[in-house]
2 protein chains.
Amino acid sequence: MKTRDRIVLEARALFNEQGYGNVTTAMLAAHLGIAEGNLWYHFKTRQALLEAIAEQFASRIDARLDMVPDALDPIGSYARMLGRLMAELSDFRFIYRDQASYGEHVEPVAGKAPGWLGRTFDQLERYFDTLADAGLLDWPRERLRDLAINTTIILRYGLEHYREMGEPTGAGSGAVRRTLHRHLTLFEHRLAPEAAIRLHEAIEAIGARALAA
Amino acid sequence: MKTRDRIVLEARALFNEQGYGNVTTAMLAAHLGIAEGNLWYHFKTRQALLEAIAEQFASRIDARLDMVPDALDPIGSYARMLGRLMAELSDFRFIYRDQASYGEHVEPVAGKAPGWLGRTFDQLERYFDTLADAGLLDWPRERLRDLAINTTIILRYGLEHYREMGEPTGAGSGAVRRTLHRHLTLFEHRLAPEAAIRLHEAIEAIGARALAA
DNA sequence: AAACAATTAGGGTCCGTACCCTAGAACGGC
DNA sequence: GCCGTTCTAGGGTACGGACCCTAATTGTTT
């Protein structure tokens, strides 16, 4: 892998683990086993590095927001979208979490969060709608929006919540799995039994994948 | 008010607004209109100041956790507890949010979060239980725990969520009110109509109080 | 072999920020 | 009117961290 890419990758991991403000360029270079000067060769400033990460983040989000429910496989398509969403949230946790450390002036992110969140509500609502159409989710349509919003919040903050609960959250802890199970408690009781079972299985698969990473 | 208390108060406000790591002792002194040296007179280190704030935080939490539902006034007592909980969350937001900035070694807080959260689940569950006993909440008992946990998460992260949504969150924005309304969407449809109305009224009152502060 | 890109080691600058020190002034209770 | 507490102004230290520069080495391409 190109050194530039290794830098972006390792920086992302370190920022997630230790917090953006706690990772010095010296530490980063040491972790990579390269000279610090080499960092400045690839990125003029620390902020430029951050922006490179943020760019990946933005395109991951946009890709996920393009996913649509499949009426022929509502459960499977929902699970796939969930997997992407959680990957996105755990791979780029620090971007939201440490925003105070770097301010609002990071190009690929600045001011975009409200739009992203709003579109995530819409997206989840569409998936739930499809589940309802298929008779797999028994939920009054006029309350689907609230369900979508509450689901978004739980998924979004699940990792932080489990960290506060004292459970390790590093890449590959069970926090992703737990978060997904938690979100299910919002509507599981209204799911058709076979749908609930399939979702649980899918969650285990996603959780296992997260553990491996 | 004693200068020492003014310092603690203003520091708390600034930390909440700007983030712990972004507030320098110089800024703090300037905001207070006192000499920086005076800060060191009252607090030997920045961390000591933080600990004084954290102590207040801890005792506020403990006081709130001691509140119990009143079987004679389930709605009113629930609303009172909600008010305290939200005040606690908004007055001391930065303590959770900026934990990465100051590490885990702050006496009055270190390692206590899991216990606090767990006891908050218990507390909310008891309130819901009381509502159910009074016939005001129609919810299967075995799912009350999940409701309590999900409610806790929404209340806990509501302010962060509305900040990410781009709405001002400074003391006295509508974020507290919005968060409370959001949490209601979790179970409002199962509340007795008059209970729902009274809770909405109570939320407006709490929200208004938050606005005034 | 020549040209260019990538990388190293190690020096050095600059700046922000917590924190120290001191001499003196204002305040407040007794 | 005295004494201890509180507070000011301002200079001063120490340290960490981003970022610069350079001369020399290795790696890669053509």
# chains A, B, ... in the order shown; residues from 1 in each chain; ligands from 1
>>> closest_atom_pairs(of="chain D", to="chain B", cutoff="12 Å", atoms="only C-alpha atoms (C1' of nucleotides)", output="Markdown table")
| residue | atom | partner | partner_atom | distance |
| --- | --- | --- | --- | --- |
| D:DT5 | C1' | B:Tyr41 | CA | 11.1 |
| D:DT6 | C1' | B:Asn38 | CA | 8.5 |
| D:DC7 | C1' | B:Asn38 | CA | 6.4 |
| D:DT8 | C1' | B:Ala35 | CA | 6.2 |
| D:DA9 | C1' | B:Ala35 | CA | 8.0 |
| D:DG10 | C1' | B:Gly37 | CA | 10.3 |
>>> interface_residues(of="chain A", to="chain B", cutoff="6 Å", atoms="only C-alpha atoms", output="VMD selection string")
chain A and resid 114 165 to 166
>>> residues_around(residues="DA24 of chain D", least_positions_apart="6", cutoff="12 Å", atoms="only C-alpha atoms (C1' of nucleotides)", output="list in words")
DT7, DT8, DA9 and DG10 of chain C
>>> write_last_selection(atoms="C-alpha atoms (C1' of nucleotides)", output="PDB file, in the first residue's frame")
ATOM      1  C1'  DT C   7      12.472   8.898   2.631  1.00  0.00           C
ATOM      2  C1'  DT C   8      15.683   9.654   6.566  1.00  0.00           C
ATOM      3  C1'  DA C   9      18.007  12.066  10.612  1.00  0.00           C
ATOM      4  C1'  DG C  10      18.465  15.801  12.964  1.00  0.00           C
TER       5       DG C  10
END
>>> interface_residues(of="chain B", to="chain C", cutoff="10 Å", atoms="only C-alpha atoms (C1' of nucleotides)", output="list in words")
Thr24, Thr25, Ala26, Gly37, Trp40, Lys44, Thr45 and Arg46 of chain B
>>> write_last_selection(atoms="N, CA and C atoms", output="compact mmCIF listing (two decimals), in the first residue's frame")
# COMPACT_ATOMS: atom_id res chain seq x y z
N THR B 24 -8.84 28.70 27.53
CA THR B 24 -7.59 28.90 28.24
C THR B 24 -7.87 29.66 29.54
N THR B 25 -6.94 29.51 30.46
CA THR B 25 -7.12 30.20 31.73
C THR B 25 -7.16 31.71 31.51
N ALA B 26 -6.45 32.18 30.50
CA ALA B 26 -6.48 33.61 30.20
C ALA B 26 -7.88 34.06 29.79
N GLY B 37 -3.78 35.78 37.69
CA GLY B 37 -3.16 35.33 38.93
C GLY B 37 -4.19 34.97 40.00
N TRP B 40 -5.17 31.42 40.01
CA TRP B 40 -4.23 30.50 40.66
C TRP B 40 -4.30 30.66 42.17
N LYS B 44 -5.10 25.85 42.46
CA LYS B 44 -3.68 25.65 42.17
C LYS B 44 -3.44 25.28 40.72
N THR B 45 -4.30 24.45 40.17
CA THR B 45 -4.13 24.03 38.78
C THR B 45 -5.47 24.06 38.07
N ARG B 46 -5.38 24.05 36.76
CA ARG B 46 -6.59 23.97 35.94
C ARG B 46 -7.39 22.72 36.29
>>> residues_around(residues="segment 51-66 of chain A", least_positions_apart="4", cutoff="7 Å", atoms="only C-alpha atoms (C1' of nucleotides)", output="number ranges by chain")
A: 8, 12, 47, 81, 84-85, 88, 92, 106-109, 120, 123
>>> atom_distance(atom1="atom CA of Thr169 of chain B", atom2="atom CA of Leu14 of chain B")
12.9 Å
>>> decode(residues="chain D", atoms="N, CA and C atoms (P, O5', C5', C4', C3', O3' and C1' of nucleotides)", output="short mmCIF file (atom, residue, chain, number, x, y, z; two decimals), in the first residue's frame")
data_model
loop_
_atom_site.label_atom_id
_atom_site.label_comp_id
_atom_site.auth_asym_id
_atom_site.auth_seq_id
_atom_site.Cartn_x
_atom_site.Cartn_y
_atom_site.Cartn_z
P DG D 1 -6.86 55.98 62.56
"O5'" DG D 1 -5.64 55.15 63.11
"C5'" DG D 1 -5.71 54.62 64.47
"C4'" DG D 1 -5.35 53.17 64.43
"C3'" DG D 1 -4.33 52.82 63.34
"O3'" DG D 1 -3.52 51.77 63.86
"C1'" DG D 1 -6.32 51.61 62.96
P DC D 2 -2.13 51.51 63.34
"O5'" DC D 2 -2.20 49.93 63.39
"C5'" DC D 2 -2.78 49.29 64.52
"C4'" DC D 2 -3.27 47.91 64.13
"C3'" DC D 2 -2.34 47.16 63.16
"O3'" DC D 2 -2.09 45.90 63.72
"C1'" DC D 2 -4.57 47.12 62.35
P DC D 3 -1.01 44.99 63.07
"O5'" DC D 3 -1.95 43.86 62.44
"C5'" DC D 3 -2.93 43.21 63.25
"C4'" DC D 3 -3.59 42.12 62.43
"C3'" DC D 3 -2.62 41.40 61.50
"O3'" DC D 3 -2.97 40.02 61.44
"C1'" DC D 3 -4.28 42.46 60.21
P DG D 4 -1.94 39.02 60.87
"O5'" DG D 4 -2.90 38.09 59.99
"C5'" DG D 4 -4.18 37.70 60.48
"C4'" DG D 4 -5.15 37.61 59.33
"C3'" DG D 4 -4.64 36.74 58.16
"O3'" DG D 4 -5.65 35.81 57.81
"C1'" DG D 4 -5.31 38.89 57.38
P DT D 5 -5.33 34.74 56.72
"O5'" DT D 5 -6.30 35.18 55.53
"C5'" DT D 5 -7.64 35.54 55.84
"C4'" DT D 5 -8.25 36.23 54.65
"C3'" DT D 5 -8.06 35.50 53.31
"O3'" DT D 5 -9.34 35.31 52.74
"C1'" DT D 5 -7.54 37.79 53.10
P DT D 6 -9.52 34.54 51.38
"O5'" DT D 6 -9.49 35.68 50.27
"C5'" DT D 6 -10.53 36.66 50.26
"C4'" DT D 6 -10.17 37.77 49.31
"C3'" DT D 6 -10.01 37.33 47.84
"O3'" DT D 6 -10.97 38.04 47.09
"C1'" DT D 6 -8.31 38.83 48.49
P DC D 7 -11.24 37.65 45.56
"O5'" DC D 7 -10.17 38.55 44.78
"C5'" DC D 7 -10.35 39.97 44.82
"C4'" DC D 7 -9.13 40.66 44.25
"C3'" DC D 7 -8.69 40.18 42.87
"O3'" DC D 7 -9.19 41.09 41.89
"C1'" DC D 7 -6.87 40.77 44.31
P DT D 8 -8.72 40.93 40.37
"O5'" DT D 8 -7.44 41.86 40.27
"C5'" DT D 8 -7.52 43.21 40.71
"C4'" DT D 8 -6.22 43.93 40.39
"C3'" DT D 8 -5.70 43.65 38.98
"O3'" DT D 8 -5.48 44.88 38.30
"C1'" DT D 8 -3.99 43.25 40.60
P DA D 9 -5.41 44.89 36.71
"O5'" DA D 9 -3.86 45.12 36.46
"C5'" DA D 9 -3.15 46.03 37.28
"C4'" DA D 9 -1.67 45.89 37.00
"C3'" DA D 9 -1.35 45.45 35.57
"O3'" DA D 9 -0.38 46.35 35.03
"C1'" DA D 9 -0.32 43.97 37.14
P DG D 10 0.02 46.27 33.48
"O5'" DG D 10 1.36 45.40 33.59
"C5'" DG D 10 2.28 45.68 34.62
"C4'" DG D 10 3.29 44.59 34.66
"C3'" DG D 10 3.56 43.97 33.27
"O3'" DG D 10 4.95 43.89 33.06
"C1'" DG D 10 3.17 42.30 34.85
P DG D 11 5.59 43.82 31.64
"O5'" DG D 11 6.92 43.03 31.98
"C5'" DG D 11 7.63 43.32 33.19
"C4'" DG D 11 8.23 42.03 33.72
"C3'" DG D 11 8.84 41.17 32.61
"O3'" DG D 11 10.19 40.82 32.95
"C1'" DG D 11 7.32 39.91 33.92
P DG D 12 10.96 39.71 32.21
"O5'" DG D 12 10.43 38.44 32.98
"C5'" DG D 12 10.84 38.19 34.35
"C4'" DG D 12 10.80 36.69 34.53
"C3'" DG D 12 11.41 35.94 33.32
"O3'" DG D 12 12.19 34.84 33.77
"C1'" DG D 12 9.17 35.26 33.63
P DT D 13 12.98 34.00 32.64
"O5'" DT D 13 12.44 32.55 32.98
"C5'" DT D 13 12.24 32.18 34.35
"C4'" DT D 13 11.49 30.87 34.37
"C3'" DT D 13 12.06 29.82 33.42
"O3'" DT D 13 12.16 28.60 34.13
"C1'" DT D 13 9.75 30.08 33.06
P DA D 14 13.10 27.48 33.53
"O5'" DA D 14 12.04 26.33 33.20
"C5'" DA D 14 10.76 26.37 33.81
"C4'" DA D 14 9.89 25.34 33.12
"C3'" DA D 14 10.66 24.41 32.18
"O3'" DA D 14 10.15 23.11 32.36
"C1'" DA D 14 9.00 25.60 30.97
P DC D 15 10.81 21.87 31.60
"O5'" DC D 15 9.63 21.46 30.61
"C5'" DC D 15 8.29 21.68 31.02
"C4'" DC D 15 7.40 21.52 29.82
"C3'" DC D 15 8.00 20.62 28.74
"O3'" DC D 15 7.03 19.69 28.36
"C1'" DC D 15 7.27 22.66 27.82
P DG D 16 7.46 18.35 27.58
"O5'" DG D 16 6.11 18.03 26.80
"C5'" DG D 16 4.89 18.65 27.17
"C4'" DG D 16 4.21 19.17 25.93
"C3'" DG D 16 4.39 18.28 24.70
"O3'" DG D 16 3.12 18.03 24.16
"C1'" DG D 16 4.94 20.54 24.18
P DG D 17 2.92 16.87 23.09
"O5'" DG D 17 2.70 17.68 21.75
"C5'" DG D 17 1.68 18.68 21.71
"C4'" DG D 17 1.87 19.50 20.48
"C3'" DG D 17 2.22 18.68 19.24
"O3'" DG D 17 1.40 19.07 18.17
"C1'" DG D 17 3.76 20.42 19.55
P DA D 18 1.29 18.11 16.87
"O5'" DA D 18 1.29 19.21 15.71
"C5'" DA D 18 0.39 20.29 15.78
"C4'" DA D 18 0.95 21.46 15.00
"C3'" DA D 18 1.24 21.18 13.53
"O3'" DA D 18 0.83 22.32 12.78
"C1'" DA D 18 3.20 21.97 14.62
P DC D 19 0.59 22.12 11.22
"O5'" DC D 19 2.03 22.51 10.68
"C5'" DC D 19 2.50 23.82 10.98
"C4'" DC D 19 3.98 23.91 10.72
"C3'" DC D 19 4.45 23.36 9.37
"O3'" DC D 19 4.83 24.46 8.55
"C1'" DC D 19 5.97 22.93 11.12
P DC D 20 5.43 24.28 7.12
"O5'" DC D 20 6.99 24.52 7.38
"C5'" DC D 20 7.39 25.68 8.08
"C4'" DC D 20 8.91 25.82 8.06
"C3'" DC D 20 9.55 25.49 6.71
"O3'" DC D 20 10.46 26.55 6.41
"C1'" DC D 20 10.57 24.22 8.44
P DC D 21 11.08 26.59 4.91
"O5'" DC D 21 12.48 25.87 5.12
"C5'" DC D 21 13.17 26.06 6.35
"C4'" DC D 21 14.56 25.47 6.23
"C3'" DC D 21 14.96 25.07 4.82
"O3'" DC D 21 16.28 25.54 4.57
"C1'" DC D 21 15.08 23.18 6.26
P DT D 22 16.92 25.34 3.08
"O5'" DT D 22 18.22 24.48 3.40
"C5'" DT D 22 18.57 24.21 4.76
"C4'" DT D 22 19.40 22.94 4.78
"C3'" DT D 22 19.79 22.43 3.39
"O3'" DT D 22 21.14 21.97 3.43
"C1'" DT D 22 18.73 20.72 4.56
P DA D 23 22.03 21.90 2.09
"O5'" DA D 23 23.26 21.02 2.59
"C5'" DA D 23 23.29 20.50 3.93
"C4'" DA D 23 23.49 18.99 3.86
"C3'" DA D 23 24.03 18.48 2.52
"O3'" DA D 23 25.06 17.53 2.76
"C1'" DA D 23 22.01 17.37 3.02
P DA D 24 25.68 16.67 1.56
"O5'" DA D 24 25.14 15.22 1.90
"C5'" DA D 24 25.08 14.79 3.25
"C4'" DA D 24 24.31 13.50 3.30
"C3'" DA D 24 24.70 12.51 2.19
"O3'" DA D 24 24.86 11.21 2.74
"C1'" DA D 24 22.37 12.86 2.20
P DT D 25 25.26 9.99 1.76
"O5'" DT D 25 23.91 9.16 1.69
"C5'" DT D 25 23.45 8.47 2.86
"C4'" DT D 25 22.16 7.77 2.54
"C3'" DT D 25 22.28 6.65 1.50
"O3'" DT D 25 21.77 5.46 2.07
"C1'" DT D 25 20.47 8.07 0.99
P DT D 26 22.05 4.04 1.35
"O5'" DT D 26 20.60 3.66 0.81
"C5'" DT D 26 19.48 3.71 1.69
"C4'" DT D 26 18.23 3.83 0.85
"C3'" DT D 26 18.07 2.72 -0.20
"O3'" DT D 26 16.90 2.01 0.10
"C1'" DT D 26 17.50 4.85 -1.06
P DG D 27 16.55 0.67 -0.76
"O5'" DG D 27 15.42 1.19 -1.75
"C5'" DG D 27 14.46 2.15 -1.31
"C4'" DG D 27 13.52 2.49 -2.45
"C3'" DG D 27 13.36 1.41 -3.51
"O3'" DG D 27 11.96 1.29 -3.79
"C1'" DG D 27 14.07 3.43 -4.52
P DT D 28 11.44 0.21 -4.86
"O5'" DT D 28 11.18 1.12 -6.13
"C5'" DT D 28 10.49 2.37 -5.97
"C4'" DT D 28 10.35 3.07 -7.30
"C3'" DT D 28 10.08 2.14 -8.49
"O3'" DT D 28 9.03 2.71 -9.25
"C1'" DT D 28 11.91 3.56 -8.97
P DT D 29 8.30 1.83 -10.42
"O5'" DT D 29 8.57 2.74 -11.69
"C5'" DT D 29 8.94 4.09 -11.46
"C4'" DT D 29 9.28 4.83 -12.74
"C3'" DT D 29 9.01 4.10 -14.06
"O3'" DT D 29 8.41 5.02 -14.96
"C1'" DT D 29 11.32 4.72 -13.89
P DT D 30 7.92 4.51 -16.42
"O5'" DT D 30 9.13 4.91 -17.38
"C5'" DT D 30 9.57 6.28 -17.41
"C4'" DT D 30 10.82 6.39 -18.28
"C3'" DT D 30 10.75 5.56 -19.57
"O3'" DT D 30 11.18 6.34 -20.68
"C1'" DT D 30 12.76 5.14 -18.41
#
